[in-house]
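Enquirer: Below is a structure I'd like to ask you about.
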Amino acid sequence: MFNSISNNVRKLGSHLGHTIAQDKGVNWLDNVEQVRHLGKDAAAGDPQAIASLQSMFSHSSEQDLLIQARAFSQFLNLANIAEQQFTISPKGLEQLDLPHPLESLTEKLDGKSAEEVKQALQKLHIELVLTAHPTEINRRTFIHKYHQIAEELDDENDRSQQRIKELIEQAWHTSEIRHQRPTPLDESRWGLNTIADSIWQAVPEFMRELDSFCQQTTGEPLDESLTPITMASWMAGDRDGNPFVTAKLSHRAILQARLMAAELYLADFQQLYLELSMDTASQPLIDADTQRIGPYRHRLHGIIDKLKFSIAQLQQGETHHVIASSSELLEPLLDCRQSLLDCGLFNVANSQIIDLIRKVRCFGISLVKLDLRQHSERHDSALAEITDALNLGNYLQWDDQQRCEFLLQELTNPRPLLPDYSWSPETQEVLDTFTMAAAQPQECLGIYIISMASQASDVLAVNLLMKATGLNWPMPIAPLFETLDDLNNAPQVMASLLQHPLYTQRCRQQHYVMIGYSDSAKDAGVLAATWAQYQAQEALAKVFKTHGIQLKLFHGRGGTIGRGGGPAHAAIASQPPGTLDGGLRVTEQGETIRLKFGLPNLAVRSLHLYTSALLESLITPPPEPKQSWRELMDKMSDLSCAAYRSYVRGNDKFVSYFRQATPEQELSSLPLGSRPSKRRADGGIESLRAIPWIFAWSQNRLVLPSWLGLGETIKSCYAENAELMREMLNEWPYFQARISLTEMVYLKSDREISALYDDALVEPALQTLGTQLREQLAKDEQTLLTLLNQKQTMEKDAWNRDSFSLRKPYLLPLHLIQIETLKRLREKPEHPACEQVLMVSMAGIASGLRNTG
């Protein structure tokens with residue numbers, strides 16, 4: 001299997017080496033090759049090779065370190081390209097566990113009725129929410145070159161090889177790291193370009209294959225109006241802790257998205273105009289064609305002109321008379337397609353025109369719906385200022401019941417809430433955000449998320465602020481429950497909220513609730529967090545069923561295990577029964593967007609995996625956990641949380657160790673994402689965002705948030721519960737997924753590399769703590785192997801094991817370069833040359849590990 005990948009990796013590496021030799025001289029290629037061979041020896045366990053690399057790097061200038069770091073970073077990116085390309089090739093697909101997800105699902109559904117499949121297809125809805133990643137370092141221009149290389153790898157001819165050489169040369173002579181921190185608008189543009197480059201082509205291809213699945217399993221084509229995939233975005237809408245996201249900036253992001261959508265639609269409509277040259281048409285279309293340019297072309301002519309006008313207006317920042325609804329795009333398409341069907345032109349009716357109809361239904365007029373997110377404290381502060389201005393009391397001192405009474409009273413009060421008043425800048429920005437949202441076409445906006453929601457008044461507060469600022473349509477509001485306590489209290493909070501008829505009328509029979517994976521894992525450890533998430537979802541489903549309202553869960557998952565990430569198919573299959581009836585809404589973040597959706601064929605496969613898992617869960621739900629399973633999970637959750645917190649909260653040396661042993665201190669000063677690494681500039685580790693928290697631990701390969709507390713707990717419970725645990729492992733998708741993901745963590749962790757960071761960067765008094773953690777990691781890995789009855793990690797997953805082995809020797813030099821650079825930066829802070837080396841090493845390590853933040 002890996003022969004094909006290795007061959008491509010060697011070819012790409014050879015091209016990169018030739019480019020380096022041309023630029024820096026043959027001696028430099030020899031230097032890089034020497035490091036590469038030492039890296040292989042070190043990865044094979046040769047301590048002298050590590051010592052040789054450390055000595056070499058300690059005597060290198062920052063410029064020399066940068067060349068080495070760039071060489072190995074680019075090599076790892078090229079290795080990823082080779083693997084991605086092989087994965088989606090026919091030969092590569094056949095070697096995967098699930099090569100054709102929808103075909104495999106068809107076989108599993110043998111015995112299920114067509115009606116059951118139809119009902120599942122009606123419920124099928126996946127909304128992918130693109131979010132910015134503060135540690136997505138690579139510039140878009142660099143990412144684009146990598147995508148082009150991947151496309152050229154498909155063709156084994158001289159022209160393609162020459163083009164690959166050219167692209168690698170371009171990449172080497174392009175600085176892969178941005179020198180200025182990106183703005184939220186830059187991040188938004190990055191997300192939109194991902195759609196334009198890949199997902200725009202992938203969706204119609206995927207829909208054709210879903211249509212084939214539907215015909216196979218039900219005997220009927222897919223309902224033309226079905227919209228199983230939609231897109232949303234937090235980029236330029238997530239203002240929680242990001243002072244750079246303002247109402248004005250969000251408005252500009254919406255204009256930018258509408259402009260790009262119009263440009264993409266114009267190209268497709270013009271192509272369709274050329275295709276639909278036929279005179280055979282329905283009588284209404286023929287009669288309307290007074291200019292005799294052709295009935296179909298006449299029907300499309302008006303919308304093409306309006307798209308051109310809309311583009312011109314949006315380029316000037318104007319929205320007057322531009323396309324404001326997807327119905328404007330759909331109507332001429334539906335008229336033309338119906339005419340084609342009526343006239344028996346079925347091949348034409350089921351080709352480009354239906355592809356474009358499906359694009360409109362998926363992408364709307366702005367490619368993505370912009371979500372808005374703000375911290376609950378910002379809403380409370382705004383309402384406190386408003387109640388103070390109205391002499392109604394101090395909102396912040398009221399309990400939840402008092403707040404709810406006030407909010408419900410004001411929601412029915414016909415008088416304007418807001419007096420003519422000079423508000424503080426913070427409150428004015430909150431009000432401006434709602435005012436901006438009120439002025440947008442509804443379909444350009446997604447949902448409003450409340451960070452750190454903990455009580456019913458948090459939701460009603462947003463409802464009132466919407467009413468007060470003229471947002472008079474029921475924009476969905478989603479409380480985000482993030483900490484362990486908030487997850488545990490979520491069902492009670494929502495039950496309290498849904499008891500108010502005034503609010504439930506607004507919901508229109510459905511309601512979003514967002515489950516926070518990142519902060520709950522940072523708060524309680526991965527095992528306690530995932531069990532709390534599971535139980536919260538179960539309980540919420542019951543609450544909503546009681547009230548007759550459809551629960552729509554929104555999963556705030558990241559790329560790493562510690563942030564709820566992992567293989568999509570397993571993650572969906574592990575959800576509690578009944579919690580996917582409202583569809584799946586999930587965040588896709590930074591580098592995982594590239595890895596799942598960066599190439600059209602890759603995006604098609606990812607959509608297959610999501611869809612097959614969701615349909616399977618809808619048609620054949622996973623089993624309800626047995627009471628014995630629940631009791632053991634309750635016990636293990638408590639034990640793992642205590643073990644995790646004993647280090648993170650209970651050890652007074654932990655924070656100092658974390659900051660010395662990882663690049664966390666340096667992250668905030670680097671021009672990575674637009675959002676600060678902390679919610680509050682003066683906050684400690686408790687205010688550190690989950691992404692830099694986990695990213696920092698992944699850089700030194702201890703990957704602590706993704707395993708701490710779990711293995712120790714399993715060992716303490718295993719002796720008395722071995723048979724029960726194996727039953728859970730065999731029969732319960734939730735437990736299977738948790739153990740499988742932890743096994744992946746152990747594969748990517750590296751105790752020896754972590755020790756190298758400690759030796760070089762951590763003061764002696766704190767090094768004992770690092771030693772303890774590494775010893776615990778070793779014990780935990782052995783515990784998992786015992787549970788799985790395996791001799792080595794990932795024994796049953798040769799693909800992922802071999803994939804990581806391919807990259808492992810090239811990671812070590814980058815870690816050693818990073819360690820040397822951190823030493824220099826801590827001796828001499830704000831050293832631009834060292835910061836450049838550090839960023840390149842971070843990017844390379846992130847590329848090698850692939851899901852790091």
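Order determines the names: the first chain of the structure tokens is A, the second B, and so forth; residues in each chain are numbered 1 upward, and ligands are numbered 1 upward as they are shown.
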Tell me, as number ranges by chain, which residues lie within 6 Å of region 366-373 of chain A, counting only C-alpha atoms; anything in the same chain fewer than 3 positions away does not count.

Expert: A: 231-234, 237-239, 257-258, 261, 363, 444-450

Enquirer: Between CA of Gln627 (chain A) and CA of Cys641 (chain A), what is the distance, to one decimal in Å?

Expert: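 Between these atoms lies a distance of 21.0 Å.
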
Enquirer: With only C-alpha atoms as the basis for distance, which of A:Thr587, A:His511, A:Ile817, A:Phe406 is at the shortest distance from Ser55 (chain A)?

Expert: A:Ile817

Enquirer: Residues near region 97-105 of chain A, anyone? I mean within 8 Å using only C-alpha atoms, not counting same-chain ones fewer than 4 positions away, as a PyMOL selection string.

Expert: chain A and resi 93+109+210+213+608-609+611-612+616

Enquirer: Running DSSP on the backbone, which parts of region 693-802 of chain A land in alpha helix (DSSP H), as number ranges by chain?

Expert: A: 693-699, 710-731, 733-748, 751-761, 764-788, 798-802

Enquirer: Determine the nearest neighbour of Ile549 (chain A) from the options A:Gly17, A:Pro295, A:Pro474, A:Gly582, counting only C-alpha atoms.

Expert: A:Gly582

Enquirer: List the spatial neighbours of region 115-128 of chain A as number ranges by chain - criterion: any atom at most 9 Å away, only C-alpha atoms, same-chain residues fewer than 4 positions off excluded.

Expert: A: 109, 214, 217-218, 222-223, 226-233, 580-588, 607, 610-611, 614-616, 618-619

Enquirer: Would you mind exporting the chosen residues as a PDB file, in the first residue's frame, restricted to C-alpha atoms?

Expert:
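The resulting file, out35.pdb, is reproduced below:
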```pdb
ATOM      1  CA  LEU A 109     -29.423  -1.768   4.757  1.00  0.00           C
ATOM      2  CA  CYS A 214     -31.395   6.805  -3.284  1.00  0.00           C
ATOM      3  CA  THR A 217     -32.327   1.747  -2.021  1.00  0.00           C
ATOM      4  CA  THR A 218     -35.765   3.246  -2.715  1.00  0.00           C
ATOM      5  CA  LEU A 222     -33.613  11.944  -4.856  1.00  0.00           C
ATOM      6  CA  ASP A 223     -36.226  14.613  -4.213  1.00  0.00           C
ATOM      7  CA  LEU A 226     -33.739  17.978  -0.726  1.00  0.00           C
ATOM      8  CA  THR A 227     -30.841  19.989   0.686  1.00  0.00           C
ATOM      9  CA  PRO A 228     -28.663  17.621   2.722  1.00  0.00           C
ATOM     10  CA  ILE A 229     -25.573  19.885   2.754  1.00  0.00           C
ATOM     11  CA  THR A 230     -25.352  23.547   3.736  1.00  0.00           C
ATOM     12  CA  MET A 231     -22.460  25.756   4.772  1.00  0.00           C
ATOM     13  CA  ALA A 232     -21.969  28.285   7.555  1.00  0.00           C
ATOM     14  CA  SER A 233     -18.999  30.181   8.967  1.00  0.00           C
ATOM     15  CA  LEU A 580     -29.182  13.100  15.214  1.00  0.00           C
ATOM     16  CA  ASP A 581     -32.842  13.364  14.233  1.00  0.00           C
ATOM     17  CA  GLY A 582     -32.422  17.123  13.915  1.00  0.00           C
ATOM     18  CA  GLY A 583     -29.436  16.727  11.608  1.00  0.00           C
ATOM     19  CA  LEU A 584     -25.759  17.356  12.241  1.00  0.00           C
ATOM     20  CA  ARG A 585     -24.214  20.778  12.624  1.00  0.00           C
ATOM     21  CA  VAL A 586     -20.477  20.657  13.238  1.00  0.00           C
ATOM     22  CA  THR A 587     -17.489  22.990  13.163  1.00  0.00           C
ATOM     23  CA  GLU A 588     -14.637  22.321  10.747  1.00  0.00           C
ATOM     24  CA  LEU A 607     -19.189  14.242   2.500  1.00  0.00           C
ATOM     25  CA  TYR A 610     -20.486  12.179   7.049  1.00  0.00           C
ATOM     26  CA  THR A 611     -23.585  11.190   5.119  1.00  0.00           C
ATOM     27  CA  LEU A 614     -25.572   9.935   9.680  1.00  0.00           C
ATOM     28  CA  LEU A 615     -27.937   7.850   7.536  1.00  0.00           C
ATOM     29  CA  GLU A 616     -26.828   4.657   9.267  1.00  0.00           C
ATOM     30  CA  LEU A 618     -30.892   7.412  11.583  1.00  0.00           C
ATOM     31  CA  ILE A 619     -31.926   4.056  10.090  1.00  0.00           C
TER      32      ILE A 619
END
```

Enquirer: Using only C-alpha atoms, find the one residue out of A:Ala349, A:Leu599, A:Met514, A:Val526 that sits nearest to Thr194 (chain A).

Expert: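 Of the candidates, the smallest distance to Thr194 (chain A) is held by A:Leu599.
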
Enquirer: Find the residue from A:Ala573, A:Ala202, A:Leu540, A:Ala324 that sits nearest to Tyr734 (chain A); use only C-alpha atoms when measuring.

Expert: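 Counting only C-alpha atoms, the residue closest to Tyr734 (chain A) is A:Ala573.
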
Enquirer: Which residue, A:Ile50, A:Leu340, A:Met725, A:Ala570, has the smallest gap to Met278 (chain A) when you use only C-alpha atoms?

Expert: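 The closest residue to Met278 (chain A) is A:Leu340.
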
Enquirer: Give the answer as one residue: which of A:Val648, A:Glu443, A:Ser518, A:Ala384 has the shortest atom-to-atom distance to Ile323 (chain A), using only C-alpha atoms?

Expert: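 The answer is A:Glu443, which sits nearest to Ile323 (chain A).
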
Enquirer: Got a sec: who's within 10 Å of region 419-424 of chain A, counting only C-alpha atoms, leaving out chain neighbours fewer than 3 positions off, as a ChimeraX atom specification?

Expert: /A:382,385-386,389-390,416,427-429,431

Enquirer: Include N, CA, C and O atoms and write out the residues we just selected as an mmCIF file, in the first residue's frame.

Expert:
```
data_model
loop_
_atom_site.group_PDB
_atom_site.id
_atom_site.type_symbol
_atom_site.label_atom_id
_atom_site.label_comp_id
_atom_site.auth_asym_id
_atom_site.auth_seq_id
_atom_site.Cartn_x
_atom_site.Cartn_y
_atom_site.Cartn_z
ATOM 1 N N ALA A 382 -24.334 44.759 28.803
ATOM 2 C CA ALA A 382 -25.143 45.697 28.015
ATOM 3 C C ALA A 382 -26.502 45.915 28.666
ATOM 4 O O ALA A 382 -26.981 47.056 28.775
ATOM 5 N N GLU A 385 -26.302 48.087 31.717
ATOM 6 C CA GLU A 385 -26.208 49.514 31.379
ATOM 7 C C GLU A 385 -27.572 50.063 30.960
ATOM 8 O O GLU A 385 -27.937 51.199 31.288
ATOM 9 N N ILE A 386 -28.337 49.241 30.241
ATOM 10 C CA ILE A 386 -29.675 49.671 29.797
ATOM 11 C C ILE A 386 -30.607 49.826 30.991
ATOM 12 O O ILE A 386 -31.323 50.839 31.118
ATOM 13 N N ALA A 389 -29.743 52.897 32.888
ATOM 14 C CA ALA A 389 -30.180 54.118 32.204
ATOM 15 C C ALA A 389 -31.684 54.348 32.369
ATOM 16 O O ALA A 389 -32.143 55.497 32.375
ATOM 17 N N LEU A 390 -32.438 53.262 32.508
ATOM 18 C CA LEU A 390 -33.892 53.358 32.670
ATOM 19 C C LEU A 390 -34.313 53.401 34.138
ATOM 20 O O LEU A 390 -35.515 53.383 34.446
ATOM 21 N N PRO A 416 -40.484 51.100 22.925
ATOM 22 C CA PRO A 416 -39.060 50.854 22.642
ATOM 23 C C PRO A 416 -38.282 50.710 23.948
ATOM 24 O O PRO A 416 -38.535 51.434 24.913
ATOM 25 N N THR A 427 -21.051 48.399 25.057
ATOM 26 C CA THR A 427 -22.489 48.190 24.869
ATOM 27 C C THR A 427 -22.917 48.618 23.477
ATOM 28 O O THR A 427 -23.736 47.944 22.831
ATOM 29 N N GLN A 428 -22.371 49.727 22.980
ATOM 30 C CA GLN A 428 -22.720 50.191 21.639
ATOM 31 C C GLN A 428 -22.353 49.143 20.588
ATOM 32 O O GLN A 428 -23.111 48.910 19.637
ATOM 33 N N GLU A 429 -21.229 48.468 20.777
ATOM 34 C CA GLU A 429 -20.822 47.438 19.824
ATOM 35 C C GLU A 429 -21.772 46.249 19.851
ATOM 36 O O GLU A 429 -22.110 45.684 18.797
ATOM 37 N N LEU A 431 -24.970 46.386 20.613
ATOM 38 C CA LEU A 431 -26.189 46.851 19.943
ATOM 39 C C LEU A 431 -25.970 46.981 18.440
ATOM 40 O O LEU A 431 -26.848 46.622 17.642
#
```

Enquirer: Give me the residues within 12 Å of Gly294 (chain A) as a list in words, counting only C-alpha atoms and dropping any in the same chain fewer than 5 places off.

Expert: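 That gives Tyr273, Leu274, Glu275, Leu276, Ser277, Met278, Asp279, Thr280, Ala281, Ser282, Leu285, Ile286, Asp287, Ala288, Asp289, Arg299, Leu300, His301 and Cys336 of chain A.
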
Enquirer: Please identify the strand (DSSP E) residues within region 102-350 of chain A (assignment by DSSP from backbone atoms) and present them as a PDB file with all heavy atoms, in the first residue's frame.

Expert:
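The resulting file, states.pdb, is reproduced below:
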```
ATOM      1  N   ILE A 126     -26.690  18.052   6.956  1.00  0.00           N
ATOM      2  CA  ILE A 126     -25.352  18.287   7.504  1.00  0.00           C
ATOM      3  C   ILE A 126     -24.979  19.728   7.215  1.00  0.00           C
ATOM      4  O   ILE A 126     -24.947  20.141   6.052  1.00  0.00           O
ATOM      5  CB  ILE A 126     -24.324  17.334   6.865  1.00  0.00           C
ATOM      6  CG1 ILE A 126     -24.701  15.880   7.144  1.00  0.00           C
ATOM      7  CG2 ILE A 126     -22.920  17.643   7.367  1.00  0.00           C
ATOM      8  CD1 ILE A 126     -23.999  14.881   6.259  1.00  0.00           C
ATOM      9  N   GLU A 127     -24.737  20.492   8.252  1.00  0.00           N
ATOM     10  CA  GLU A 127     -24.278  21.871   8.072  1.00  0.00           C
ATOM     11  C   GLU A 127     -22.853  21.960   8.592  1.00  0.00           C
ATOM     12  O   GLU A 127     -22.590  21.742   9.773  1.00  0.00           O
ATOM     13  CB  GLU A 127     -25.176  22.863   8.805  1.00  0.00           C
ATOM     14  CG  GLU A 127     -24.802  24.304   8.501  1.00  0.00           C
ATOM     15  CD  GLU A 127     -25.976  25.256   8.615  1.00  0.00           C
ATOM     16  OE1 GLU A 127     -26.498  25.405   9.734  1.00  0.00           O
ATOM     17  OE2 GLU A 127     -26.379  25.849   7.588  1.00  0.00           O
ATOM     18  N   LEU A 128     -21.939  22.237   7.683  1.00  0.00           N
ATOM     19  CA  LEU A 128     -20.523  22.367   8.017  1.00  0.00           C
ATOM     20  C   LEU A 128     -20.225  23.826   8.317  1.00  0.00           C
ATOM     21  O   LEU A 128     -20.494  24.706   7.503  1.00  0.00           O
ATOM     22  CB  LEU A 128     -19.655  21.873   6.863  1.00  0.00           C
ATOM     23  CG  LEU A 128     -19.903  20.424   6.418  1.00  0.00           C
ATOM     24  CD1 LEU A 128     -19.082  20.111   5.172  1.00  0.00           C
ATOM     25  CD2 LEU A 128     -19.579  19.447   7.533  1.00  0.00           C
ATOM     26  N   VAL A 129     -19.672  24.082   9.476  1.00  0.00           N
ATOM     27  CA  VAL A 129     -19.426  25.452   9.931  1.00  0.00           C
ATOM     28  C   VAL A 129     -17.915  25.693   9.945  1.00  0.00           C
ATOM     29  O   VAL A 129     -17.190  25.123  10.762  1.00  0.00           O
ATOM     30  CB  VAL A 129     -20.018  25.684  11.330  1.00  0.00           C
ATOM     31  CG1 VAL A 129     -19.862  27.148  11.734  1.00  0.00           C
ATOM     32  CG2 VAL A 129     -21.493  25.273  11.367  1.00  0.00           C
ATOM     33  N   LEU A 130     -17.444  26.498   9.024  1.00  0.00           N
ATOM     34  CA  LEU A 130     -16.013  26.780   8.919  1.00  0.00           C
ATOM     35  C   LEU A 130     -15.592  27.778   9.987  1.00  0.00           C
ATOM     36  O   LEU A 130     -16.230  28.818  10.160  1.00  0.00           O
ATOM     37  CB  LEU A 130     -15.687  27.342   7.529  1.00  0.00           C
ATOM     38  CG  LEU A 130     -16.178  26.532   6.323  1.00  0.00           C
ATOM     39  CD1 LEU A 130     -15.717  27.191   5.036  1.00  0.00           C
ATOM     40  CD2 LEU A 130     -15.703  25.087   6.390  1.00  0.00           C
ATOM     41  N   THR A 131     -14.542  27.444  10.709  1.00  0.00           N
ATOM     42  CA  THR A 131     -14.056  28.350  11.747  1.00  0.00           C
ATOM     43  C   THR A 131     -12.573  28.601  11.558  1.00  0.00           C
ATOM     44  O   THR A 131     -11.834  27.737  11.085  1.00  0.00           O
ATOM     45  CB  THR A 131     -14.302  27.783  13.164  1.00  0.00           C
ATOM     46  OG1 THR A 131     -13.529  26.604  13.337  1.00  0.00           O
ATOM     47  CG2 THR A 131     -15.764  27.456  13.367  1.00  0.00           C
ATOM     48  N   ILE A 229     -26.818  19.202   2.376  1.00  0.00           N
ATOM     49  CA  ILE A 229     -25.573  19.885   2.754  1.00  0.00           C
ATOM     50  C   ILE A 229     -25.774  21.390   2.683  1.00  0.00           C
ATOM     51  O   ILE A 229     -26.256  21.914   1.669  1.00  0.00           O
ATOM     52  CB  ILE A 229     -24.413  19.504   1.801  1.00  0.00           C
ATOM     53  CG1 ILE A 229     -24.251  17.991   1.703  1.00  0.00           C
ATOM     54  CG2 ILE A 229     -23.111  20.171   2.256  1.00  0.00           C
ATOM     55  CD1 ILE A 229     -23.782  17.315   2.972  1.00  0.00           C
ATOM     56  N   THR A 230     -25.419  22.085   3.757  1.00  0.00           N
ATOM     57  CA  THR A 230     -25.352  23.547   3.736  1.00  0.00           C
ATOM     58  C   THR A 230     -24.069  23.976   4.439  1.00  0.00           C
ATOM     59  O   THR A 230     -23.430  23.195   5.140  1.00  0.00           O
ATOM     60  CB  THR A 230     -26.575  24.198   4.417  1.00  0.00           C
ATOM     61  OG1 THR A 230     -26.740  23.643   5.729  1.00  0.00           O
ATOM     62  CG2 THR A 230     -27.844  23.973   3.604  1.00  0.00           C
ATOM     63  N   MET A 231     -23.721  25.239   4.246  1.00  0.00           N
ATOM     64  CA  MET A 231     -22.460  25.756   4.772  1.00  0.00           C
ATOM     65  C   MET A 231     -22.715  26.985   5.641  1.00  0.00           C
ATOM     66  O   MET A 231     -23.592  27.799   5.350  1.00  0.00           O
ATOM     67  CB  MET A 231     -21.527  26.158   3.631  1.00  0.00           C
ATOM     68  CG  MET A 231     -21.227  25.076   2.610  1.00  0.00           C
ATOM     69  SD  MET A 231     -20.330  23.661   3.261  1.00  0.00           S
ATOM     70  CE  MET A 231     -18.830  24.463   3.850  1.00  0.00           C
ATOM     71  N   ALA A 232     -21.932  27.092   6.710  1.00  0.00           N
ATOM     72  CA  ALA A 232     -21.969  28.285   7.555  1.00  0.00           C
ATOM     73  C   ALA A 232     -20.532  28.631   7.932  1.00  0.00           C
ATOM     74  O   ALA A 232     -19.594  27.900   7.603  1.00  0.00           O
ATOM     75  CB  ALA A 232     -22.823  28.049   8.798  1.00  0.00           C
ATOM     76  N   SER A 233     -20.357  29.748   8.617  1.00  0.00           N
ATOM     77  CA  SER A 233     -18.999  30.181   8.967  1.00  0.00           C
ATOM     78  C   SER A 233     -19.011  31.019  10.232  1.00  0.00           C
ATOM     79  O   SER A 233     -19.958  31.767  10.495  1.00  0.00           O
ATOM     80  CB  SER A 233     -18.391  31.001   7.824  1.00  0.00           C
ATOM     81  OG  SER A 233     -17.112  31.509   8.192  1.00  0.00           O
TER      82      SER A 233
END
```
